[in-house]
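Okay, work_39.cif is below, mmCIF, C-alpha atoms:
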data_input
#
loop_
_atom_site.label_atom_id
_atom_site.label_comp_id
_atom_site.auth_asym_id
_atom_site.auth_seq_id
_atom_site.Cartn_x
_atom_site.Cartn_y
_atom_site.Cartn_z
CA MET A 12 112.11 115.90 60.90
CA THR A 13 108.49 116.99 60.69
CA ARG A 14 106.89 120.20 61.98
CA PHE A 15 103.42 121.66 61.64
CA LEU A 16 102.12 125.19 62.06
CA PHE A 17 98.38 125.84 62.19
CA ARG A 18 96.81 129.18 61.35
CA LEU A 19 93.16 130.27 60.96
CA LEU A 20 92.64 132.31 57.84
CA GLY A 21 89.99 134.96 57.38
CA GLY A 22 88.93 136.64 54.20
CA GLU A 23 87.15 133.70 52.58
CA SER A 24 83.54 134.09 51.56
CA THR A 25 80.67 133.90 54.05
CA SER A 26 80.00 130.38 52.78
CA LEU A 27 83.50 129.04 53.27
CA LEU A 28 86.03 128.73 56.02
CA GLY A 29 89.76 128.56 55.36
CA LEU A 30 92.44 126.83 57.39
CA SER A 31 96.12 126.37 56.66
CA ALA A 32 98.85 123.96 57.69
CA ILE A 33 102.54 123.84 57.00
CA LEU A 34 104.55 120.63 56.82
CA ALA A 35 108.30 121.00 56.85
CA ILE A 36 109.96 117.90 55.47
CA GLY A 37 113.59 117.14 56.07
CA VAL A 38 115.84 114.16 55.49
CA GLY A 39 117.14 111.84 58.15
CA GLN A 40 120.18 110.51 56.34
CA GLU A 41 123.88 111.23 56.66
CA GLY A 42 125.83 112.72 53.78
CA THR A 43 124.49 114.99 51.07
CA ALA A 44 122.23 114.62 48.04
CA GLN A 45 121.74 117.05 45.15
CA VAL A 46 118.19 115.87 44.35
CA LEU A 47 115.64 114.23 46.64
CA THR A 48 112.15 112.84 45.91
CA PHE A 49 109.28 113.46 48.35
CA ASP A 50 106.08 111.40 48.59
CA ARG A 51 103.04 112.43 50.62
CA GLN A 52 99.29 111.86 50.66
CA VAL A 53 96.60 114.28 51.70
CA ARG A 54 93.34 112.63 52.74
CA THR A 55 90.18 114.53 53.61
CA LYS A 56 86.89 113.53 55.17
CA MET A 57 83.52 115.26 55.40
CA PHE A 58 81.55 113.93 58.33
CA ILE A 59 78.48 114.67 60.45
CA ASN A 60 79.21 114.87 64.13
CA THR A 61 76.46 114.98 66.77
CA ILE A 62 74.07 117.87 66.05
CA PRO A 63 72.85 119.57 69.25
CA LEU A 64 69.20 120.56 69.13
CA ASN A 65 70.09 124.26 69.16
CA MET A 66 72.14 123.74 65.97
CA CYS A 67 69.20 122.37 63.96
CA ASP A 68 67.88 125.91 63.31
CA PRO A 69 64.39 125.36 61.85
CA VAL A 70 63.87 129.12 61.46
CA GLY A 71 66.82 129.24 59.08
CA VAL A 72 64.98 126.91 56.69
CA LEU A 73 61.26 127.36 57.45
CA GLY A 74 61.26 131.03 58.38
CA PRO A 75 59.73 132.55 61.54
CA PRO A 76 56.87 130.68 63.28
CA THR A 77 53.50 131.40 61.70
CA GLY A 78 51.05 129.01 63.36
CA PRO A 79 50.06 125.33 63.62
CA ALA A 80 51.21 124.45 60.10
CA TRP A 81 54.66 125.84 60.86
CA LEU A 82 54.81 123.88 64.12
CA ALA A 83 53.95 120.65 62.32
CA LYS A 84 56.59 121.20 59.66
CA SER A 85 59.10 122.26 62.30
CA ALA A 86 58.54 118.96 64.09
CA ALA A 87 59.29 117.10 60.86
CA TYR A 88 62.39 119.24 60.33
CA ILE A 89 63.70 118.55 63.84
CA ALA A 90 63.12 114.84 63.27
CA LEU A 91 65.18 115.03 60.08
CA CYS A 92 67.92 116.90 61.94
CA LYS A 93 68.03 114.21 64.63
CA ARG A 94 68.18 111.42 62.01
CA THR A 95 71.08 113.23 60.35
CA SER A 96 72.97 113.56 63.65
CA LEU A 97 75.36 110.66 63.03
CA GLY A 98 77.97 111.28 65.71
CA GLU A 99 80.84 110.72 63.28
CA ASN A 100 84.33 111.74 64.44
CA PRO A 101 86.95 110.04 62.23
CA PRO A 102 90.43 110.10 63.84
CA ASN A 103 92.27 109.35 60.60
CA GLY A 104 91.86 109.07 56.84
CA GLU A 105 91.53 105.30 56.65
CA ILE A 106 89.04 103.51 54.38
CA TYR A 107 86.64 101.73 56.71
CA SER A 108 83.60 99.68 55.76
CA PRO A 109 81.16 101.18 56.43
CA LEU A 110 82.93 104.50 56.02
CA ASP A 111 83.01 106.69 59.14
CA ALA A 112 82.26 109.81 57.07
CA ARG A 113 80.06 111.15 54.30
CA ASN A 114 83.02 111.47 51.94
CA LEU A 115 86.67 110.45 51.82
CA ALA A 116 89.12 111.81 49.24
CA ILE A 117 92.70 110.58 48.81
CA VAL A 118 95.27 112.47 46.73
CA SER A 119 98.95 111.53 46.33
CA PHE A 120 101.82 113.96 45.75
CA ARG A 121 105.29 113.21 44.41
CA TRP A 122 107.88 115.87 43.72
CA GLN A 123 111.60 116.49 43.61
CA CYS A 124 113.74 119.22 45.13
CA GLN A 125 117.23 120.12 44.00
CA VAL A 126 119.91 122.13 45.73
CA GLY A 127 119.83 125.67 44.35
CA SER A 128 116.11 125.70 43.39
CA PHE A 129 113.32 127.12 45.54
CA ILE A 130 110.58 125.27 43.62
CA PRO A 131 110.34 121.57 42.69
CA VAL A 132 112.18 120.39 39.57
CA ASN A 133 111.88 117.41 37.19
CA LEU A 134 108.90 115.81 38.93
CA GLY A 135 105.66 117.28 40.30
CA GLN A 136 102.67 114.93 40.45
CA VAL A 137 99.16 115.37 41.87
CA THR A 138 97.33 112.06 41.58
CA PRO A 139 93.74 111.38 42.73
CA VAL A 140 93.76 107.94 44.36
CA GLY A 141 90.06 107.63 45.05
CA ALA A 142 86.84 109.19 46.32
CA PHE A 143 84.55 107.20 48.60
CA ALA A 144 81.05 107.80 49.98
CA GLY A 145 79.42 106.70 53.22
CA MET A 146 76.17 104.86 53.76
CA GLU A 147 72.91 106.72 54.37
CA GLY A 148 70.82 104.05 56.02
CA PRO A 149 70.43 101.36 53.34
CA PHE A 150 71.57 103.73 50.58
CA MET A 151 75.03 104.79 49.43
CA GLY A 152 75.81 108.48 49.08
CA THR A 153 77.57 109.85 46.01
CA ALA A 154 81.23 110.91 45.96
CA ASN A 155 82.01 113.04 42.92
CA PRO A 156 85.33 112.64 41.07
CA ILE A 157 88.17 114.63 42.62
CA ALA A 158 89.11 117.71 40.59
CA THR A 159 92.80 118.69 40.64
CA ALA A 160 95.08 121.53 39.57
CA ASN A 161 98.84 121.10 39.20
CA GLN A 162 101.35 123.91 38.74
CA ILE A 163 104.04 122.36 40.94
CA LEU A 164 106.79 122.61 38.35
CA ALA A 165 105.79 126.15 37.38
CA ASP A 166 105.52 127.79 40.79
CA GLY A 167 105.01 124.98 43.30
CA THR A 168 101.23 125.36 43.59
CA TRP A 169 98.52 122.70 43.51
CA GLY A 170 94.92 122.17 44.53
CA PHE A 171 92.08 119.69 44.63
CA VAL A 172 88.34 119.74 45.31
CA ALA A 173 86.40 116.89 46.92
CA SER A 174 82.60 116.90 46.84
CA GLY A 175 79.56 114.70 47.15
CA HIS A 176 75.82 114.62 47.70
CA PRO A 177 73.13 112.40 49.22
CA SER A 178 71.61 109.41 47.50
CA LEU A 179 68.70 110.22 45.19
CA PHE A 180 66.57 108.18 47.59
CA VAL A 181 67.54 110.39 50.55
CA GLU A 182 67.41 113.84 48.93
CA PRO A 183 63.55 114.09 48.87
CA ALA A 184 63.52 114.32 52.68
CA PHE A 185 65.55 117.54 52.41
CA GLN A 186 63.52 118.93 49.51
CA ALA A 187 60.31 118.38 51.50
CA MET A 188 61.49 120.94 54.06
CA ARG A 189 62.45 123.57 51.47
CA ILE A 190 63.59 123.39 47.87
CA ARG A 191 67.37 123.49 47.60
CA PHE A 192 69.09 123.79 44.25
CA ARG A 193 72.61 122.84 45.39
CA THR A 194 73.10 119.54 47.15
CA ASN A 195 76.89 119.07 47.11
CA ILE A 196 78.95 119.41 50.26
CA TRP A 197 82.58 120.11 49.38
CA HIS A 198 85.97 121.45 50.33
CA ARG A 199 89.04 122.67 48.50
CA ALA A 200 92.64 122.01 49.49
CA ALA A 201 95.12 124.40 47.90
CA GLY A 202 98.80 124.74 48.64
CA ARG A 203 102.39 125.05 47.56
CA MET A 204 105.58 123.01 47.63
CA SER A 205 108.81 124.91 48.23
CA CYS A 206 112.39 123.72 48.37
CA GLY A 207 115.34 124.57 50.57
CA VAL A 208 118.53 123.09 51.93
CA ASP A 209 119.54 121.88 55.38
CA GLY A 210 122.77 122.41 57.26
CA ARG A 211 124.38 119.37 55.62
CA GLY A 212 123.61 120.58 52.12
CA ASN A 213 120.67 118.20 51.52
CA PRO A 214 117.51 119.40 49.76
CA THR A 215 114.48 119.93 52.01
CA SER A 216 110.87 120.68 51.19
CA THR A 217 107.94 122.49 52.78
CA MET A 218 104.38 121.51 51.86
CA ASN A 219 101.83 124.08 52.99
CA PHE A 220 98.12 124.13 52.22
CA ARG A 221 94.80 125.55 53.30
CA LEU A 222 91.35 124.00 53.42
CA SER A 223 88.23 125.96 52.41
CA ALA A 224 84.99 124.22 53.20
CA THR A 225 81.20 124.48 53.32
CA HIS A 226 79.88 125.34 56.78
CA PHE A 227 78.15 121.97 57.07
CA PRO A 228 79.13 119.21 57.73
CA SER A 229 82.48 118.94 59.58
CA HIS A 230 85.69 118.71 57.56
CA ARG A 231 89.06 117.22 58.45
CA SER A 232 92.30 116.70 56.55
CA TYR A 233 95.03 114.19 57.30
CA LEU A 234 98.66 113.92 56.24
CA TYR A 235 100.15 110.57 55.28
CA ASP A 236 103.72 109.48 54.60
CA ALA A 237 103.59 107.85 51.15
CA THR A 238 107.23 106.71 51.15
CA VAL A 239 105.98 103.47 52.75
CA ASN A 240 103.36 101.00 51.56
CA PRO A 241 100.64 101.26 52.72
CA PRO A 242 100.95 105.00 53.38
CA ALA A 243 101.32 105.77 57.09
CA PHE A 244 99.08 108.21 58.94
CA GLN A 245 101.04 111.13 60.41
CA ARG A 246 98.52 113.55 61.88
CA VAL A 247 95.44 115.70 61.45
CA ALA A 248 96.26 118.86 59.50
CA HIS A 249 92.90 120.72 59.55
CA ASN A 250 89.72 120.40 61.56
CA LYS A 251 86.65 122.47 60.74
CA THR A 252 83.65 122.02 63.05
CA GLN A 253 80.22 121.96 61.42
CA GLY A 254 77.87 124.91 61.77
CA PHE A 255 74.07 124.99 61.70
CA PHE A 256 72.24 122.10 60.05
CA SER A 257 70.33 124.75 58.08
CA ASN A 258 73.50 125.48 56.07
CA LEU A 259 72.63 122.44 53.94
CA TRP A 260 69.93 124.57 52.26
CA TYR A 261 72.40 127.35 51.38
CA LEU A 262 75.35 125.48 49.92
CA PRO A 263 77.68 127.44 47.61
CA ALA A 264 78.42 126.11 44.13
CA VAL A 265 81.30 123.64 44.05
CA GLY A 266 84.51 125.58 43.55
CA SER A 267 87.39 124.90 41.20
CA PRO A 268 90.74 123.57 42.42
#

Written as structure tokens, that's how I'd like the structure from this file.
Amino acid sequence: MTRFLFRLLGGESTSLLGLSAILAIGVGQEGTAQVLTFDRQVRTKMFINTIPLNMCDPVGVLGPPTGPAWLAKSAAYIALCKRTSLGENPPNGEIYSPLDARNLAIVSFRWQCQVGSFIPVNLGQVTPVGAFAGMEGPFMGTANPIATANQILADGTWGFVASGHPSLFVEPAFQAMRIRFRTNIWHRAAGRMSCGVDGRGNPTSTMNFRLSATHFPSHRSYLYDATVNPPAFQRVAHNKTQGFFSNLWYLPAVGSP
């Protein structure tokens, strides 16, 4: 039995947006079990959907119009915005070639719940499976290693950060508009596993997490059932729509998990 609850969270920073999802995991077997093992994957993608012209925001990068020189640079900026408008809209967390996103991160979770305990026992694993980057014309972007935090056996909590940046051959086009000192787009998934018991006396588990993300590009998280091989897509857990293109010049430092 699987159930999701979606909730928009406020109170992040002005550079981040937080979303949360709750996955209630039950067992579909007869009889009772004192200890059960749960296997799930969280996959996340950062992607650039179509950028409407009014979301390019040249003033946010170049400042207010000042004359012919500004108009010429604004034209170059709008051209860069249009080239970056990739129309990506990945429905799931699959690894396609070429990738339908700027970045894909895959993290596996394995934990055990026991009757009588509200937090996982014996086993609590957070395992980065892989980070993958998309193509930028003829060049490959860079996907940074996934950073993780694991306190599942202590209090049920965990987290991971996925990040990446453009190819060194692509970045000069952005720097030509305005110097930017941070080039990584990123998001952080942070959550908790909790344990319970169903009406038949079997252990159950709830996996809840939130996604904090840079305002550009778009971000999406996906839940996968890892009890089967290959893991099976279940559904989208979070969806954060990209803001102004100009946010790429005001990226916050990559956070910790």

**Asked** What does the PyMOL selection byres ((chain A and resi 246) around 8) select in this file, as a VMD selection string?
**Response** chain A and resid 103 233 to 235 244 to 245 247 to 248

Selection above as a file: C-alpha atoms, as a compact mmCIF listing (two decimals), in the frame of the given file:
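Done, and the output landed in result16.txt:
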# COMPACT_ATOMS: atom_id res chain seq x y z
CA ASN A 103 92.27 109.35 60.60
CA TYR A 233 95.03 114.19 57.30
CA LEU A 234 98.66 113.92 56.24
CA TYR A 235 100.15 110.57 55.28
CA PHE A 244 99.08 108.21 58.94
CA GLN A 245 101.04 111.13 60.41
CA VAL A 247 95.44 115.70 61.45
CA ALA A 248 96.26 118.86 59.50

**Message:** Please compute the CA of Arg54 (chain A)-CA of Ser96 (chain A) distance, one decimal, in Å.
**Reply:** 23.1 Å

**Message:** Just want the 10 Å neighbourhood of Ala243 (chain A), counted on all atoms listed in the file, with same-chain residues fewer than 3 positions away dropped. Output as a PyMOL selection string.
**Reply:** chain A and resi 51-52+105+234-240+246

How close does region 36-140 of chain A get to region 190-204 of chain A? List, as CSV, each residue of region 36-140 of chain A within 10 Å, its nearest atom pair and the distance in Å to one decimal, counting all atoms listed in the file.
residue,atom,partner,partner_atom,distance
A:Val53,CA,A:Ala200,CA,9.0
A:Arg54,CA,A:Ala200,CA,10.0
A:Thr55,CA,A:His198,CA,8.7
A:Lys56,CA,A:His198,CA,9.3
A:Met57,CA,A:Trp197,CA,7.8
A:Val72,CA,A:Ile190,CA,9.6
A:Arg113,CA,A:Ile196,CA,9.3
A:Asn114,CA,A:Trp197,CA,9.0
A:Phe120,CA,A:Met204,CA,10.0
A:Trp122,CA,A:Met204,CA,8.5
A:Gln123,CA,A:Met204,CA,9.7
A:Cys124,CA,A:Met204,CA,9.3
A:Phe129,CA,A:Met204,CA,9.0
A:Ile130,CA,A:Met204,CA,6.8
A:Pro131,CA,A:Met204,CA,7.0
A:Gly135,CA,A:Met204,CA,9.3

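Taking only C-alpha atoms into account, Leu134 (chain A) lies nearest to A:Gln162 out of the set A:Thr217, A:Ser229, A:Asn155, A:Gln162.
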
**Request:** Provide the CA of Ala154 (chain A) to CA of Asn65 (chain A) distance in Å, to one decimal place.
**Result:** 29.0 Å
